[in-house]
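Engineer: So here's final32.pdb (PDB, C-alpha atoms).
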```pdb
ATOM      1  CA  MET H   8       0.000   0.000   0.000
ATOM      2  CA  SER H   9       1.419   3.417  -0.916
ATOM      3  CA  ILE H  10       1.669   6.131   1.695
ATOM      4  CA  ALA H  11      -0.514   8.395  -0.474
ATOM      5  CA  SER H  12      -3.467   6.053   0.092
ATOM      6  CA  ARG H  13      -2.989   6.420   3.873
ATOM      7  CA  ILE H  14      -3.251  10.238   3.959
ATOM      8  CA  ARG H  15      -6.384  12.427   3.769
ATOM      9  CA  ILE H  16      -5.550  16.145   3.590
ATOM     10  CA  GLU H  17      -8.208  18.174   5.400
ATOM     11  CA  ASP H  18      -6.845  21.723   5.497
ATOM     12  CA  VAL H  19      -3.751  23.617   4.331
ATOM     13  CA  ARG H  20      -2.946  27.141   5.522
ATOM     14  CA  VAL H  21      -0.012  29.296   4.383
ATOM     15  CA  LEU H  22       1.575  30.854   7.483
ATOM     16  CA  ALA H  23       4.424  32.675   5.718
ATOM     17  CA  ASP H  24       5.491  33.186   2.121
ATOM     18  CA  ASP H  25       8.618  35.305   2.045
ATOM     19  CA  TRP H  26      12.013  33.700   1.434
ATOM     20  CA  CYS H  27      10.368  30.278   1.681
ATOM     21  CA  VAL H  28       6.858  28.922   2.248
ATOM     22  CA  LEU H  29       5.678  27.833   5.684
ATOM     23  CA  LYS H  30       2.409  25.856   5.690
ATOM     24  CA  LYS H  31       0.252  24.318   8.395
ATOM     25  CA  THR H  32      -1.530  21.160   7.240
ATOM     26  CA  VAL H  33      -4.244  19.227   9.037
ATOM     27  CA  PHE H  34      -4.588  15.647   7.811
ATOM     28  CA  SER H  35      -5.659  12.166   8.826
ATOM     29  CA  PHE H  36      -3.126   9.358   8.643
ATOM     30  CA  GLN H  37      -4.001   5.673   8.605
ATOM     31  CA  ARG H  38      -1.895   3.965  11.243
ATOM     32  CA  SER H  39      -0.395   0.499  10.783
ATOM     33  CA  ASP H  40      -3.295  -1.030  12.767
ATOM     34  CA  GLY H  41      -5.810   0.426  10.258
ATOM     35  CA  THR H  42      -7.167   3.217  12.475
ATOM     36  CA  TRP H  43      -7.146   6.842  11.338
ATOM     37  CA  GLN H  44      -5.451   9.535  13.421
ATOM     38  CA  ARG H  45      -5.961  13.283  12.912
ATOM     39  CA  LEU H  46      -2.648  15.218  12.930
ATOM     40  CA  SER H  47      -1.339  18.722  12.313
ATOM     41  CA  ARG H  48       2.115  19.527  10.931
ATOM     42  CA  GLU H  49       3.987  22.624   9.795
ATOM     43  CA  THR H  50       6.214  22.247   6.748
ATOM     44  CA  TYR H  51       8.907  24.638   5.597
ATOM     45  CA  ASP H  52       9.415  24.529   1.819
ATOM     46  CA  ARG H  53      12.626  26.202   0.667
ATOM     47  CA  GLY H  54      13.032  24.113  -2.494
ATOM     48  CA  ASN H  55      15.516  21.333  -3.162
ATOM     49  CA  GLY H  56      19.271  21.762  -3.184
ATOM     50  CA  ALA H  57      22.638  20.312  -4.113
ATOM     51  CA  ALA H  58      25.998  19.989  -2.362
ATOM     52  CA  ILE H  59      29.411  18.876  -3.585
ATOM     53  CA  LEU H  60      32.796  17.814  -2.254
ATOM     54  CA  LEU H  61      35.762  18.761  -4.424
ATOM     55  CA  TYR H  62      38.682  16.417  -3.776
ATOM     56  CA  ASP H  63      42.230  15.896  -5.013
ATOM     57  CA  PRO H  64      43.116  12.219  -4.466
ATOM     58  CA  GLY H  65      46.822  12.686  -5.206
ATOM     59  CA  ARG H  66      47.356  15.473  -2.684
ATOM     60  CA  ARG H  67      44.626  14.142  -0.334
ATOM     61  CA  THR H  68      42.916  17.524  -0.103
ATOM     62  CA  VAL H  69      39.352  18.840  -0.205
ATOM     63  CA  ILE H  70      37.835  22.258  -0.840
ATOM     64  CA  LEU H  71      35.628  23.731   1.895
ATOM     65  CA  THR H  72      34.086  27.150   2.470
ATOM     66  CA  ARG H  73      33.595  29.387   5.513
ATOM     67  CA  GLN H  74      30.641  31.732   5.787
ATOM     68  CA  PHE H  75      28.232  33.355   8.226
ATOM     69  CA  ARG H  76      24.968  31.488   8.846
ATOM     70  CA  TYR H  77      22.470  33.423  10.941
ATOM     71  CA  PRO H  78      20.345  30.390  12.003
ATOM     72  CA  ALA H  79      23.484  28.650  13.330
ATOM     73  CA  PHE H  80      24.513  31.859  15.108
ATOM     74  CA  VAL H  81      21.188  32.267  16.942
ATOM     75  CA  ASN H  82      21.480  28.627  18.045
ATOM     76  CA  GLY H  83      24.809  29.257  19.788
ATOM     77  CA  HIS H  84      27.428  28.866  17.005
ATOM     78  CA  ASP H  85      29.499  32.050  17.438
ATOM     79  CA  ASP H  86      31.759  31.464  14.435
ATOM     80  CA  LEU H  87      31.668  31.129  10.682
ATOM     81  CA  LEU H  88      30.315  27.775   9.496
ATOM     82  CA  ILE H  89      32.615  25.457   7.528
ATOM     83  CA  GLU H  90      30.753  23.815   4.644
ATOM     84  CA  VAL H  91      31.026  22.193   1.247
ATOM     85  CA  PRO H  92      29.762  24.303  -1.675
ATOM     86  CA  ALA H  93      25.967  24.055  -1.861
ATOM     87  CA  GLY H  94      22.862  25.882  -2.956
ATOM     88  CA  LEU H  95      19.205  25.730  -3.852
ATOM     89  CA  LEU H  96      18.270  24.356  -7.275
ATOM     90  CA  ASP H  97      15.995  27.271  -8.216
ATOM     91  CA  ASP H  98      14.285  25.108 -10.900
ATOM     92  CA  ALA H  99      17.622  24.024 -12.460
ATOM     93  CA  GLU H 100      18.811  20.431 -12.803
ATOM     94  CA  PRO H 101      20.955  19.413  -9.798
ATOM     95  CA  GLU H 102      24.242  18.980 -11.718
ATOM     96  CA  ALA H 103      23.857  22.242 -13.629
ATOM     97  CA  ARG H 104      23.051  24.106 -10.439
ATOM     98  CA  ILE H 105      25.949  22.669  -8.430
ATOM     99  CA  ARG H 106      28.389  23.566 -11.227
ATOM    100  CA  ALA H 107      27.191  27.195 -11.173
ATOM    101  CA  GLU H 108      27.125  27.344  -7.367
ATOM    102  CA  THR H 109      30.650  25.936  -7.068
ATOM    103  CA  LEU H 110      32.030  28.487  -9.519
ATOM    104  CA  GLU H 111      30.237  31.305  -7.677
ATOM    105  CA  GLU H 112      31.359  30.206  -4.193
ATOM    106  CA  THR H 113      34.855  28.813  -4.825
ATOM    107  CA  GLY H 114      35.908  29.905  -8.311
ATOM    108  CA  PHE H 115      36.498  26.292  -9.398
ATOM    109  CA  CYS H 116      35.288  25.022 -12.779
ATOM    110  CA  LEU H 117      34.211  21.437 -12.267
ATOM    111  CA  ARG H 118      35.369  18.575 -14.465
ATOM    112  CA  ASN H 119      33.799  15.196 -13.749
ATOM    113  CA  VAL H 120      30.792  15.722 -11.502
ATOM    114  CA  ARG H 121      29.480  12.475 -10.038
ATOM    115  CA  PRO H 122      26.219  12.052  -8.094
ATOM    116  CA  VAL H 123      26.634   9.882  -4.991
ATOM    117  CA  PHE H 124      23.295   9.989  -3.102
ATOM    118  CA  ASP H 125      20.389  12.224  -2.109
ATOM    119  CA  ALA H 126      18.812  12.741   1.291
ATOM    120  CA  PHE H 127      16.093  14.579   3.194
ATOM    121  CA  MET H 128      18.099  16.646   5.657
ATOM    122  CA  SER H 129      15.419  17.516   8.238
ATOM    123  CA  PRO H 130      12.293  15.532   7.278
ATOM    124  CA  GLY H 131      10.369  16.336  10.441
ATOM    125  CA  SER H 132       9.661  19.874   9.229
ATOM    126  CA  VAL H 133      11.644  20.809   6.087
ATOM    127  CA  THR H 134      10.649  19.488   2.644
ATOM    128  CA  GLU H 135      14.122  19.935   1.099
ATOM    129  CA  ARG H 136      15.759  17.006  -0.690
ATOM    130  CA  LEU H 137      19.503  17.513  -1.106
ATOM    131  CA  HIS H 138      21.450  16.015  -4.025
ATOM    132  CA  PHE H 139      25.042  15.110  -3.119
ATOM    133  CA  PHE H 140      27.924  15.135  -5.620
ATOM    134  CA  VAL H 141      31.695  14.695  -5.699
ATOM    135  CA  SER H 142      34.205  15.956  -8.241
ATOM    136  CA  GLU H 143      37.964  15.756  -8.562
ATOM    137  CA  TYR H 144      39.779  19.059  -8.851
ATOM    138  CA  ALA H 145      43.274  20.380  -9.441
ATOM    139  CA  PRO H 146      44.647  23.817  -8.438
ATOM    140  CA  GLY H 147      44.609  24.866 -12.098
ATOM    141  CA  ASP H 148      40.816  24.408 -12.233
ATOM    142  CA  ARG H 149      40.289  27.612 -10.262
ATOM    143  CA  ALA H 150      39.113  30.273 -12.716
ATOM    144  CA  THR H 151      38.075  33.047 -10.283
ATOM    145  CA  ARG H 152      38.544  33.830  -6.594
ATOM    146  CA  GLY H 153      34.917  32.864  -5.794
ATOM    147  CA  GLY H 154      33.469  34.424  -2.664
ATOM    148  CA  GLY H 155      29.760  34.072  -3.407
ATOM    149  CA  ASN H 156      27.114  36.570  -4.445
ATOM    150  CA  GLU H 157      27.555  39.865  -2.589
ATOM    151  CA  ASP H 158      23.991  40.947  -3.481
ATOM    152  CA  GLU H 159      22.719  37.924  -1.509
ATOM    153  CA  GLY H 160      24.904  38.832   1.480
ATOM    154  CA  GLU H 161      27.472  36.110   0.823
ATOM    155  CA  ASP H 162      31.047  36.671   1.983
ATOM    156  CA  ILE H 163      32.604  33.240   1.445
ATOM    157  CA  ALA H 164      36.193  32.231   2.170
ATOM    158  CA  VAL H 165      37.660  29.196   0.385
ATOM    159  CA  MET H 166      39.736  26.632   2.275
ATOM    160  CA  GLU H 167      41.898  23.805   0.962
ATOM    161  CA  VAL H 168      42.253  21.203   3.714
ATOM    162  CA  ASN H 169      43.908  17.792   4.002
ATOM    163  CA  ILE H 170      41.226  15.079   4.288
ATOM    164  CA  ASP H 171      42.640  13.782   7.590
ATOM    165  CA  GLU H 172      42.594  17.298   9.014
ATOM    166  CA  ALA H 173      39.006  17.796   7.791
ATOM    167  CA  LEU H 174      37.899  14.557   9.472
ATOM    168  CA  ALA H 175      39.637  15.603  12.693
ATOM    169  CA  MET H 176      37.789  18.933  12.507
ATOM    170  CA  ILE H 177      34.501  17.027  12.749
ATOM    171  CA  GLY H 178      35.570  15.367  16.001
ATOM    172  CA  ALA H 179      36.887  18.644  17.377
ATOM    173  CA  GLY H 180      33.584  20.421  16.641
ATOM    174  CA  ALA H 181      35.072  22.798  14.070
ATOM    175  CA  ILE H 182      32.874  21.294  11.324
ATOM    176  CA  ARG H 183      29.227  21.096  12.389
ATOM    177  CA  ASP H 184      27.339  21.286   9.093
ATOM    178  CA  GLY H 185      25.448  18.051   8.390
ATOM    179  CA  LYS H 186      25.869  17.930   4.613
ATOM    180  CA  THR H 187      29.597  18.555   4.979
ATOM    181  CA  ILE H 188      30.003  15.814   7.560
ATOM    182  CA  MET H 189      28.113  13.391   5.297
ATOM    183  CA  LEU H 190      30.302  14.132   2.273
ATOM    184  CA  LEU H 191      33.537  13.991   4.272
ATOM    185  CA  GLN H 192      32.527  10.623   5.720
ATOM    186  CA  TYR H 193      31.684   9.437   2.192
ATOM    187  CA  ALA H 194      35.118  10.600   1.065
ATOM    188  CA  ALA H 195      36.838   8.766   3.916
ATOM    189  CA  LEU H 196      35.059   5.542   2.992
ATOM    190  CA  HIS H 197      35.152   5.732  -0.805
ATOM    191  CA  LEU H 198      37.576   8.384  -2.093
ATOM    192  CA  PHE H 199      40.516   8.342   0.326
ATOM    193  CA  SER H 200      40.463   4.785   1.633
ATOM    194  CA  ARG H 201      43.621   3.725   3.451
ATOM    195  CA  HIS H 202      44.431   0.907   1.029
ATOM    196  CA  ASP H 203      44.586   3.525  -1.771
ATOM    197  CA  ALA H 204      46.929   5.812   0.168
TER     198      ALA H 204
END
```
Do you think you could lay out the structure here as structure tokens?

Structural biologist:
Amino acid sequence: MSIASRIRIEDVRVLADDWCVLKKTVFSFQRSDGTWQRLSRETYDRGNGAAILLYDPGRRTVILTRQFRYPAFVNGHDDLLIEVPAGLLDDAEPEARIRAETLEETGFCLRNVRPVFDAFMSPGSVTERLHFFVSEYAPGDRATRGGGNEDEGEDIAVMEVNIDEALAMIGAGAIRDGKTIMLLQYAALHLFSRHDA
């Protein structure tokens, strides 16, 4: 039985429609025992996104960014957030969007972009599905200095970090962004495995 057959939407109200859309939905859900339960949920729809890890297997390095994130700040993170390049799709195909976003944020022109997985990052309240990619890079692939879009308030610094140092930064609490942790762990398992070193 599909999940769609177990949901009856009763009411949808838009609570906010500014940068993203916040809706309150009342619905009935058929539980596994066959009974129906009336529920209410708020969903935050900011669109889908893409994220990428640029890696150099020969030098064992990755490209990361540092930027200010207000939601992290108000939740106690009094520092810039270290992340992989990422952005919203804005109706573009995921690979096309991540190529443009990477150039804008880091200045790197991507060569072989490879999708690795997709995930719902906060499915309890946010509708976003994030597409994850990896791509090899070389220092000569950097065409501009990057830095992001100033009109959107971006002020992005680019970091080149050894993979072992990046993994240690997770344990030390210097890297706290979920998508970045996921891609670095993927890299440790599949791109920089010890038997390849």

Engineer: Between H:Val120, H:Ala103, H:Leu60, H:Ala175, single out the one closest to Thr187 of chain H, counting all atoms listed in the file.

Structural biologist: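 Distance minimum relative to Thr187 of chain H lands on H:Leu60.
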
Engineer: Could you check which of H:Glu143, H:Asp148, H:Asp24, H:Asp85 is closest to Leu110 of chain H, using all atoms listed in the file?

Structural biologist: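 Distance minimum relative to Leu110 of chain H lands on H:Asp148.
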
Engineer: Expanded to explicit residues, what is the PyMOL selection byres ((chain H and resi 123) around 8) for this file, as a PyMOL selection string?

Structural biologist: chain H and resi 121-122+124-125+139-141

Engineer: Quick one: which residues end up in the PyMOL selection byres ((chain H and resi 128) around 12) for this structure, as a list in words?

Structural biologist: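 Answer for the PyMOL selection byres ((chain H and resi 128) around 12): Asn55, Gly56, Ala57, Ala58, Asp125, Ala126, Phe127, Ser129, Pro130, Gly131, Ser132, Val133, Thr134, Glu135, Arg136, Leu137, His138, Phe139, Asp184, Gly185, Lys186, Thr187 and Met189 of chain H.
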
Engineer: Could you tell me how far atom CA of Leu191 of chain H sits from atom CA of Thr151 of chain H, in Å to one decimal place?

Structural biologist: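 Calculated distance between atom CA of Thr151 of chain H and atom CA of Leu191 of chain H is 24.4 Å.
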
Engineer: Quick check on the file I pasted: which residues fall under the PyMOL selection byres ((chain H and resi 152-164) around 12)? Write them as a PyMOL selection string.

Structural biologist: chain H and resi 26+70-77+87-94+107-116+146+148-151+165-167

Engineer: H:Asn82, H:Leu96, H:Ile188, H:Ile59: which is nearest Tyr144 of chain H, counting all atoms listed in the file?

Structural biologist: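 Nearest to Tyr144 of chain H: H:Ile59.
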
Engineer: Quote the spacing between atom CA of Glu172 of chain H and atom CA of His84 of chain H in Å to one decimal place.

Structural biologist: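 That distance, rounded to one decimal, is 20.7 Å.
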
Engineer: Here is a test: counting all atoms listed in the file, which residue of H:Leu117, H:Ile16, H:Leu190, H:Ile170 is nearest to Val33 of chain H?

Structural biologist: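 When distances to Val33 of chain H are compared using all atoms listed in the file, the smallest one comes from H:Ile16.
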
Engineer: Work out how far apart atom CA of Lys31 of chain H and atom CA of Asp18 of chain H are and give it in Å to one decimal.

Structural biologist: 8.1 Å
